[in-house]
$ cat final20.pdb   # PDB, C-alpha atoms, pLDDT in the B column
ATOM      1  CA  MET A 227     116.102 165.120  96.062  1.00 71.00           C
ATOM      2  CA  GLU A 228     113.873 165.716  99.063  1.00 91.00           C
ATOM      3  CA  PRO A 229     110.722 167.571  97.942  1.00 98.00           C
ATOM      4  CA  VAL A 230     110.902 171.320  98.607  1.00 98.00           C
ATOM      5  CA  ASN A 231     107.747 173.126  99.688  1.00 98.00           C
ATOM      6  CA  VAL A 232     108.042 176.279  97.587  1.00 98.00           C
ATOM      7  CA  THR A 233     105.035 177.905  99.285  1.00 98.00           C
ATOM      8  CA  ALA A 234     106.334 177.401 102.821  1.00 97.00           C
ATOM      9  CA  ASP A 235     106.771 181.142 103.413  1.00 96.00           C
ATOM     10  CA  ALA A 236     103.329 182.159 102.165  1.00 97.00           C
ATOM     11  CA  GLU A 237     101.507 184.753 104.254  1.00 94.00           C
ATOM     12  CA  GLY A 238      98.092 183.955 102.806  1.00 93.00           C
ATOM     13  CA  PHE A 239      96.165 180.713 102.433  1.00 95.00           C
ATOM     14  CA  THR A 240      97.690 178.247 100.003  1.00 98.00           C
ATOM     15  CA  CYS A 241      98.399 174.588  99.651  1.00 98.00           C
ATOM     16  CA  ASN A 242     101.847 173.097  99.926  1.00 98.00           C
ATOM     17  CA  ALA A 243     103.384 173.105  96.434  1.00 98.00           C
ATOM     18  CA  TYR A 244     106.242 170.615  96.216  1.00 98.00           C
ATOM     19  CA  LEU A 245     109.199 170.962  93.875  1.00 98.00           C
ATOM     20  CA  VAL A 246     110.865 167.633  93.136  1.00 98.00           C
ATOM     21  CA  ASP A 247     114.155 167.956  91.263  1.00 98.00           C
ATOM     22  CA  GLY A 248     115.863 165.128  89.411  1.00 97.00           C
ATOM     23  CA  GLU A 249     115.668 163.558  85.986  1.00 98.00           C
ATOM     24  CA  THR A 250     112.137 164.957  85.578  1.00 98.00           C
ATOM     25  CA  PRO A 251     111.913 168.221  87.551  1.00 98.00           C
ATOM     26  CA  THR A 252     108.306 168.421  88.674  1.00 98.00           C
ATOM     27  CA  LEU A 253     106.019 170.713  90.629  1.00 98.00           C
ATOM     28  CA  VAL A 254     103.236 168.947  92.515  1.00 99.00           C
ATOM     29  CA  ASP A 255     100.452 171.563  92.608  1.00 98.00           C
ATOM     30  CA  ALA A 256     101.070 175.251  91.969  1.00 98.00           C
ATOM     31  CA  GLY A 257      99.610 176.785  95.111  1.00 98.00           C
ATOM     32  CA  ALA A 258      98.228 180.280  95.615  1.00 98.00           C
ATOM     33  CA  MET A 259     101.311 182.191  96.739  1.00 98.00           C
ATOM     34  CA  SER A 260     102.242 185.220  94.701  1.00 97.00           C
ATOM     35  CA  GLY A 261     105.919 185.024  93.839  1.00 97.00           C
ATOM     36  CA  VAL A 262     106.093 181.224  93.739  1.00 98.00           C
ATOM     37  CA  VAL A 263     107.870 181.424  90.366  1.00 98.00           C
ATOM     38  CA  ASP A 264     110.759 183.304  91.993  1.00 98.00           C
ATOM     39  CA  VAL A 265     111.042 180.668  94.700  1.00 98.00           C
ATOM     40  CA  ILE A 266     111.158 177.883  92.125  1.00 98.00           C
ATOM     41  CA  HIS A 267     113.917 179.731  90.254  1.00 98.00           C
ATOM     42  CA  ARG A 268     116.042 179.720  93.425  1.00 97.00           C
ATOM     43  CA  HIS A 269     116.186 175.936  93.235  1.00 97.00           C
ATOM     44  CA  VAL A 270     116.043 175.011  89.537  1.00 98.00           C
ATOM     45  CA  ASP A 271     116.384 176.676  86.155  1.00 97.00           C
ATOM     46  CA  ASP A 272     113.445 174.857  84.654  1.00 98.00           C
ATOM     47  CA  ILE A 273     110.692 172.359  85.395  1.00 98.00           C
ATOM     48  CA  ASP A 274     109.465 169.641  83.066  1.00 98.00           C
ATOM     49  CA  ARG A 275     105.916 169.311  84.347  1.00 98.00           C
ATOM     50  CA  VAL A 276     103.264 170.330  86.821  1.00 98.00           C
ATOM     51  CA  VAL A 277     101.065 167.558  88.214  1.00 99.00           C
ATOM     52  CA  LEU A 278      97.836 168.526  89.962  1.00 99.00           C
ATOM     53  CA  THR A 279      96.234 166.634  92.808  1.00 98.00           C
ATOM     54  CA  HIS A 280      93.021 168.592  92.204  1.00 98.00           C
ATOM     55  CA  GLN A 281      91.865 171.999  91.056  1.00 98.00           C
ATOM     56  CA  HIS A 282      90.685 173.813  94.175  1.00 98.00           C
ATOM     57  CA  GLY A 283      91.819 177.436  94.158  1.00 97.00           C
ATOM     58  CA  ASP A 284      94.502 177.040  96.809  1.00 98.00           C
ATOM     59  CA  HIS A 285      96.171 174.447  94.569  1.00 98.00           C
ATOM     60  CA  VAL A 286      95.927 176.170  91.174  1.00 98.00           C
ATOM     61  CA  ALA A 287      95.688 179.945  91.678  1.00 98.00           C
ATOM     62  CA  GLU A 288      99.306 180.390  90.542  1.00 98.00           C
ATOM     63  CA  LEU A 289      99.148 177.695  87.847  1.00 98.00           C
ATOM     64  CA  ASP A 290      99.037 180.149  84.945  1.00 98.00           C
ATOM     65  CA  ALA A 291     102.023 182.040  86.346  1.00 98.00           C
ATOM     66  CA  VAL A 292     104.044 178.825  86.611  1.00 98.00           C
ATOM     67  CA  LEU A 293     103.047 177.638  83.142  1.00 98.00           C
ATOM     68  CA  ASP A 294     103.866 181.026  81.624  1.00 98.00           C
ATOM     69  CA  ALA A 295     107.277 181.127  83.304  1.00 98.00           C
ATOM     70  CA  PHE A 296     108.493 177.590  82.558  1.00 98.00           C
ATOM     71  CA  ASP A 297     106.237 176.248  79.767  1.00 98.00           C
ATOM     72  CA  PRO A 298     106.034 172.790  81.390  1.00 98.00           C
ATOM     73  CA  ASP A 299     103.560 170.061  80.579  1.00 98.00           C
ATOM     74  CA  CYS A 300     100.457 170.115  82.774  1.00 98.00           C
ATOM     75  CA  TYR A 301      99.001 166.861  84.075  1.00 99.00           C
ATOM     76  CA  ALA A 302      95.488 166.855  85.561  1.00 98.00           C
ATOM     77  CA  TYR A 303      92.576 164.485  86.079  1.00 98.00           C
ATOM     78  CA  ALA A 304      89.838 166.967  85.200  1.00 98.00           C
ATOM     79  CA  GLU A 305      89.649 169.227  82.194  1.00 98.00           C
ATOM     80  CA  HIS A 306      91.617 172.462  82.321  1.00 98.00           C
ATOM     81  CA  PRO A 307      92.261 174.919  79.473  1.00 97.00           C
ATOM     82  CA  ARG A 308      96.007 174.365  79.809  1.00 97.00           C
ATOM     83  CA  ARG A 309      96.080 170.660  80.554  1.00 98.00           C
ATOM     84  CA  THR A 310      98.428 168.822  78.209  1.00 98.00           C
ATOM     85  CA  HIS A 311      98.073 165.320  79.687  1.00 98.00           C
ATOM     86  CA  GLU A 312      94.981 163.693  81.192  1.00 98.00           C
ATOM     87  CA  LEU A 313      95.540 161.590  84.297  1.00 98.00           C
ATOM     88  CA  ALA A 314      93.583 158.429  85.019  1.00 98.00           C
ATOM     89  CA  ASP A 315      93.584 155.956  87.869  1.00 98.00           C
ATOM     90  CA  GLY A 316      96.431 153.496  87.463  1.00 98.00           C
ATOM     91  CA  ASP A 317      98.532 155.694  85.200  1.00 98.00           C
ATOM     92  CA  THR A 318     102.246 156.034  85.843  1.00 98.00           C
ATOM     93  CA  VAL A 319     103.855 159.475  85.827  1.00 98.00           C
ATOM     94  CA  ALA A 320     107.497 160.438  86.345  1.00 98.00           C
ATOM     95  CA  ILE A 321     108.168 162.843  89.227  1.00 98.00           C
ATOM     96  CA  GLY A 322     111.797 163.681  89.894  1.00 98.00           C
ATOM     97  CA  ASP A 323     113.735 160.423  89.715  1.00 98.00           C
ATOM     98  CA  ALA A 324     110.879 158.033  90.438  1.00 98.00           C
ATOM     99  CA  ALA A 325     107.792 156.568  88.814  1.00 98.00           C
ATOM    100  CA  TYR A 326     104.532 157.323  90.612  1.00 98.00           C
ATOM    101  CA  GLU A 327     101.226 155.520  90.302  1.00 98.00           C
ATOM    102  CA  VAL A 328      98.148 157.725  89.990  1.00 98.00           C
ATOM    103  CA  VAL A 329      95.487 156.771  92.534  1.00 98.00           C
ATOM    104  CA  TYR A 330      92.042 158.302  92.047  1.00 98.00           C
ATOM    105  CA  THR A 331      91.031 159.566  95.502  1.00 98.00           C
ATOM    106  CA  PRO A 332      87.803 161.605  95.347  1.00 98.00           C
ATOM    107  CA  GLY A 333      85.739 162.792  98.301  1.00 97.00           C
ATOM    108  CA  HIS A 334      87.344 166.111  99.128  1.00 97.00           C
ATOM    109  CA  ALA A 335      87.195 166.915  95.406  1.00 98.00           C
ATOM    110  CA  SER A 336      85.667 164.947  92.558  1.00 97.00           C
ATOM    111  CA  ASP A 337      88.868 165.265  90.503  1.00 98.00           C
ATOM    112  CA  HIS A 338      91.282 164.391  93.308  1.00 98.00           C
ATOM    113  CA  VAL A 339      94.230 162.098  92.659  1.00 98.00           C
ATOM    114  CA  SER A 340      97.222 161.074  94.742  1.00 98.00           C
ATOM    115  CA  PHE A 341     100.662 160.044  93.537  1.00 98.00           C
ATOM    116  CA  ARG A 342     102.539 157.184  95.154  1.00 98.00           C
ATOM    117  CA  SER A 343     105.906 155.631  94.405  1.00 98.00           C
ATOM    118  CA  GLU A 344     107.749 152.874  96.224  1.00 97.00           C
ATOM    119  CA  THR A 345     109.091 155.441  98.692  1.00 97.00           C
ATOM    120  CA  ALA A 346     106.789 158.493  98.801  1.00 98.00           C
ATOM    121  CA  LEU A 347     103.158 159.579  98.688  1.00 98.00           C
ATOM    122  CA  PHE A 348     101.878 162.951  97.505  1.00 98.00           C
ATOM    123  CA  SER A 349      98.398 162.849  98.976  1.00 98.00           C
ATOM    124  CA  GLY A 350      96.982 166.283  98.224  1.00 98.00           C
ATOM    125  CA  ASP A 351      94.108 166.862 100.633  1.00 97.00           C
ATOM    126  CA  VAL A 352      92.732 163.333 100.942  1.00 98.00           C
ATOM    127  CA  VAL A 353      94.970 162.628 103.940  1.00 98.00           C
ATOM    128  CA  VAL A 354      97.317 164.936 105.852  1.00 97.00           C
ATOM    129  CA  TYR A 355      99.416 164.460 108.953  1.00 96.00           C
ATOM    130  CA  ASN A 356      98.492 167.660 110.812  1.00 94.00           C
ATOM    131  CA  ASP A 357      96.244 170.494 109.724  1.00 90.00           C
ATOM    132  CA  GLY A 358      94.985 172.238 112.856  1.00 82.00           C
ATOM    133  CA  ALA A 359      91.965 169.959 113.135  1.00 85.00           C
ATOM    134  CA  PHE A 360      93.722 166.665 113.909  1.00 87.00           C
ATOM    135  CA  ASP A 361      97.438 166.536 114.543  1.00 87.00           C
ATOM    136  CA  ASP A 362      98.408 162.942 113.836  1.00 91.00           C
ATOM    137  CA  GLY A 363      96.269 161.815 110.920  1.00 94.00           C
ATOM    138  CA  SER A 364      93.622 163.991 109.310  1.00 94.00           C
ATOM    139  CA  PHE A 365      91.653 164.204 106.064  1.00 95.00           C
ATOM    140  CA  GLY A 366      90.211 166.778 103.697  1.00 93.00           C
ATOM    141  CA  ARG A 367      86.962 168.421 104.645  1.00 92.00           C
ATOM    142  CA  THR A 368      83.809 167.013 103.065  1.00 93.00           C
ATOM    143  CA  ASP A 369      81.083 169.465 104.083  1.00 89.00           C
ATOM    144  CA  SER A 370      80.882 171.603 100.930  1.00 89.00           C
ATOM    145  CA  PRO A 371      78.748 170.959  97.823  1.00 90.00           C
ATOM    146  CA  GLY A 372      80.257 168.296  95.605  1.00 90.00           C
ATOM    147  CA  GLN A 373      82.197 166.706  98.461  1.00 95.00           C
ATOM    148  CA  SER A 374      81.451 163.319 100.013  1.00 96.00           C
ATOM    149  CA  ARG A 375      82.621 161.699 103.240  1.00 95.00           C
ATOM    150  CA  GLU A 376      81.652 158.279 101.886  1.00 96.00           C
ATOM    151  CA  ARG A 377      83.810 158.684  98.793  1.00 98.00           C
ATOM    152  CA  LEU A 378      86.684 160.001 100.904  1.00 97.00           C
ATOM    153  CA  ILE A 379      86.491 156.900 103.093  1.00 97.00           C
ATOM    154  CA  GLU A 380      86.670 154.728  99.984  1.00 98.00           C
ATOM    155  CA  SER A 381      89.662 156.747  98.786  1.00 98.00           C
ATOM    156  CA  LEU A 382      91.547 156.247 102.044  1.00 98.00           C
ATOM    157  CA  GLU A 383      90.869 152.523 101.805  1.00 98.00           C
ATOM    158  CA  ALA A 384      92.130 152.517  98.205  1.00 98.00           C
ATOM    159  CA  LEU A 385      95.346 154.237  99.270  1.00 98.00           C
ATOM    160  CA  LEU A 386      95.926 151.628 101.952  1.00 98.00           C
ATOM    161  CA  ASP A 387      95.287 148.813  99.470  1.00 98.00           C
ATOM    162  CA  ARG A 388      97.889 150.233  97.090  1.00 98.00           C
ATOM    163  CA  LEU A 389     100.471 151.478  99.590  1.00 98.00           C
ATOM    164  CA  PRO A 390     103.796 149.614  99.644  1.00 96.00           C
ATOM    165  CA  GLU A 391     105.328 149.112 103.063  1.00 93.00           C
ATOM    166  CA  SER A 392     108.420 150.848 101.682  1.00 95.00           C
ATOM    167  CA  VAL A 393     106.699 154.251 101.453  1.00 96.00           C
ATOM    168  CA  GLY A 394     108.703 156.447 103.800  1.00 91.00           C
ATOM    169  CA  GLY A 395     107.395 159.947 103.200  1.00 96.00           C
ATOM    170  CA  LEU A 396     103.941 161.570 103.214  1.00 98.00           C
ATOM    171  CA  TYR A 397     103.718 164.953 101.476  1.00 98.00           C
ATOM    172  CA  ALA A 398     100.251 166.412 101.871  1.00 98.00           C
ATOM    173  CA  GLY A 399      98.614 169.547 100.559  1.00 98.00           C
ATOM    174  CA  HIS A 400      98.514 171.109 104.036  1.00 97.00           C
ATOM    175  CA  GLY A 401     100.416 170.753 107.284  1.00 96.00           C
ATOM    176  CA  ASP A 402     103.848 169.253 107.733  1.00 96.00           C
ATOM    177  CA  PRO A 403     105.432 166.417 105.779  1.00 97.00           C
ATOM    178  CA  PHE A 404     105.552 163.165 107.686  1.00 97.00           C
ATOM    179  CA  GLN A 405     108.542 160.860 107.934  1.00 95.00           C
ATOM    180  CA  PRO A 406     108.148 157.494 109.650  1.00 94.00           C
ATOM    181  CA  THR A 407     109.513 156.948 113.124  1.00 92.00           C
ATOM    182  CA  GLU A 408     110.332 153.767 114.974  1.00 91.00           C
ATOM    183  CA  ASN A 409     106.745 153.674 116.245  1.00 92.00           C
ATOM    184  CA  GLU A 410     104.703 155.200 113.429  1.00 95.00           C
ATOM    185  CA  SER A 411     104.504 154.636 109.674  1.00 96.00           C
ATOM    186  CA  VAL A 412     102.701 156.344 106.805  1.00 97.00           C
ATOM    187  CA  ARG A 413     100.201 153.481 106.916  1.00 97.00           C
ATOM    188  CA  ASP A 414      99.533 154.234 110.593  1.00 97.00           C
ATOM    189  CA  VAL A 415      98.730 157.853 109.754  1.00 97.00           C
ATOM    190  CA  ILE A 416      96.308 156.886 106.980  1.00 98.00           C
ATOM    191  CA  GLU A 417      94.638 154.239 109.143  1.00 97.00           C
ATOM    192  CA  ARG A 418      94.139 156.791 111.926  1.00 96.00           C
ATOM    193  CA  ALA A 419      92.600 159.260 109.473  1.00 96.00           C
ATOM    194  CA  LEU A 420      90.344 156.515 108.148  1.00 97.00           C
ATOM    195  CA  ARG A 421      89.092 155.608 111.630  1.00 95.00           C
ATOM    196  CA  ARG A 422      88.245 159.249 112.297  1.00 93.00           C
ATOM    197  CA  ALA A 423      86.505 159.605 108.965  1.00 94.00           C
ATOM    198  CA  LYS A 424      84.450 156.468 109.584  1.00 95.00           C
ATOM    199  CA  ARG A 425      83.382 157.808 112.982  1.00 90.00           C
ATOM    200  CA  ARG A 426      82.057 160.830 111.067  1.00 79.00           C
ATOM    201  CA  GLU A 427      84.194 163.141 113.198  1.00 71.00           C
ATOM    202  CA  ALA A 428      83.648 166.708 112.066  1.00 72.00           C
ATOM    203  CA  LYS A 429      86.848 168.510 111.161  1.00 71.00           C
ATOM    204  CA  TYR A 430      85.453 171.876 112.140  1.00 67.00           C
ATOM    205  CA  PRO A 431      82.625 172.946 114.487  1.00 60.00           C
ATOM    206  CA  GLN A 432      80.400 174.120 111.632  1.00 60.00           C
ATOM    207  CA  GLU A 433      80.436 170.730 109.883  1.00 53.00           C
TER     208      GLU A 433
END
$ encode --input "final20.pdb" --output "structure tokens"
Amino acid sequence: MEPVNVTADAEGFTCNAYLVDGETPTLVDAGAMSGVVDVIHRHVDDIDRVVLTHQHGDHVAELDAVLDAFDPDCYAYAEHPRRTHELADGDTVAIGDAAYEVVYTPGHASDHVSFRSETALFSGDVVVYNDGAFDDGSFGRTDSPGQSRERLIESLEALLDRLPESVGGLYAGHGDPFQPTENESVRDVIERALRRAKRREAKYPQE
């Protein structure tokens, strides 16, 4: 099943929360959109688990509502009162019909992880395709306390090191999903974001 962004119609600020149906129905991040539980119910009767890329508010504000409604397992890198499974770099976690490797990708957040299979990458905020700052390869901001551009650069390099050429979909926490074209791959997008990050390009004027 193609991931469904269940927060696509949000009027307020939220991340993209992706529902992946299949053998292991999974929600990647919970988002911050009131009513997300109703949207999930339009697609599936139940979900097995929620996996968190990180615990910034726009990714977890509706987590309690989702957990209360479906009673799924909750996978997270950092401690959370309702975490049932701790994630670590190199772990394998089932999402939908595929096995995903957990890649620890800090910089935008100290607890940030990404999930990559042979065909897809859920990148959270470490790399996005378009987000209003850069439209063809961007990265999470690193100008707030606890964030680090240097660690984000290392995370982008780690993703490239562990990215199969077969990955054909990039599903980020913000902006549009990216599907490869004849002239551009997921690797191209990450490499472009990495070059910008290394040039210390500010995402926003106040950085």
$ closest_residue --input "final20.pdb" --among "A:Phe341, A:Glu383, A:Asp247, A:Leu389" --to "A:Glu417" --atoms "all atoms listed in the file"
A:Glu383
$ atom_distance --input "final20.pdb" --atom1 "atom CA of A:Ala258" --atom2 "atom CA of A:Ala243"
8.9 Å
$ residues_around --input "final20.pdb" --residues "A:Ala324" --least-positions-apart "5" --cutoff "9 Å" --atoms "only C-alpha atoms" --output "tab-separated table (two decimals) with C-alpha atoms, in the coordinates of the input"
chain	number	residue	atom	x	y	z
A	248	GLY	CA	115.86	165.13	89.41
A	249	GLU	CA	115.67	163.56	85.99
A	250	THR	CA	112.14	164.96	85.58
A	319	VAL	CA	103.86	159.48	85.83
A	343	SER	CA	105.91	155.63	94.40
A	344	GLU	CA	107.75	152.87	96.22
A	345	THR	CA	109.09	155.44	98.69
$ closest_atom_pairs --input "final20.pdb" --of "stretch 231-270 of chain A" --to "stretch 296-317 of chain A" --cutoff "10 Å" --atoms "only C-alpha atoms" --output "CSV"
residue,atom,partner,partner_atom,distance
A:Pro251,CA,A:Pro298,CA,9.7
A:Thr252,CA,A:Pro298,CA,8.8
A:Leu253,CA,A:Pro298,CA,9.5
A:Val254,CA,A:Tyr301,CA,9.7
A:Asp255,CA,A:Ala302,CA,9.8
A:Val263,CA,A:Phe296,CA,8.7
A:Ile266,CA,A:Phe296,CA,9.9
A:His267,CA,A:Phe296,CA,9.7
$ atom_distance --input "final20.pdb" --atom1 "atom CA of A:His334" --atom2 "atom CA of A:Pro229"
23.5 Å
$ closest_residue --input "final20.pdb" --among "A:Gly257, A:Gly358, A:Pro403, A:Pro371" --to "A:Asn242" --atoms "only C-alpha atoms"
A:Gly257
$ axis_aligned_box --input "final20.pdb" --around "stretch 377-381 of chain A" --padding-each-side "3 Å" --output "lines of an AutoDock Vina configuration file"
center_x = 86.7
center_y = 157.4
center_z = 100.9
size_x = 11.9
size_y = 11.3
size_z = 10.3
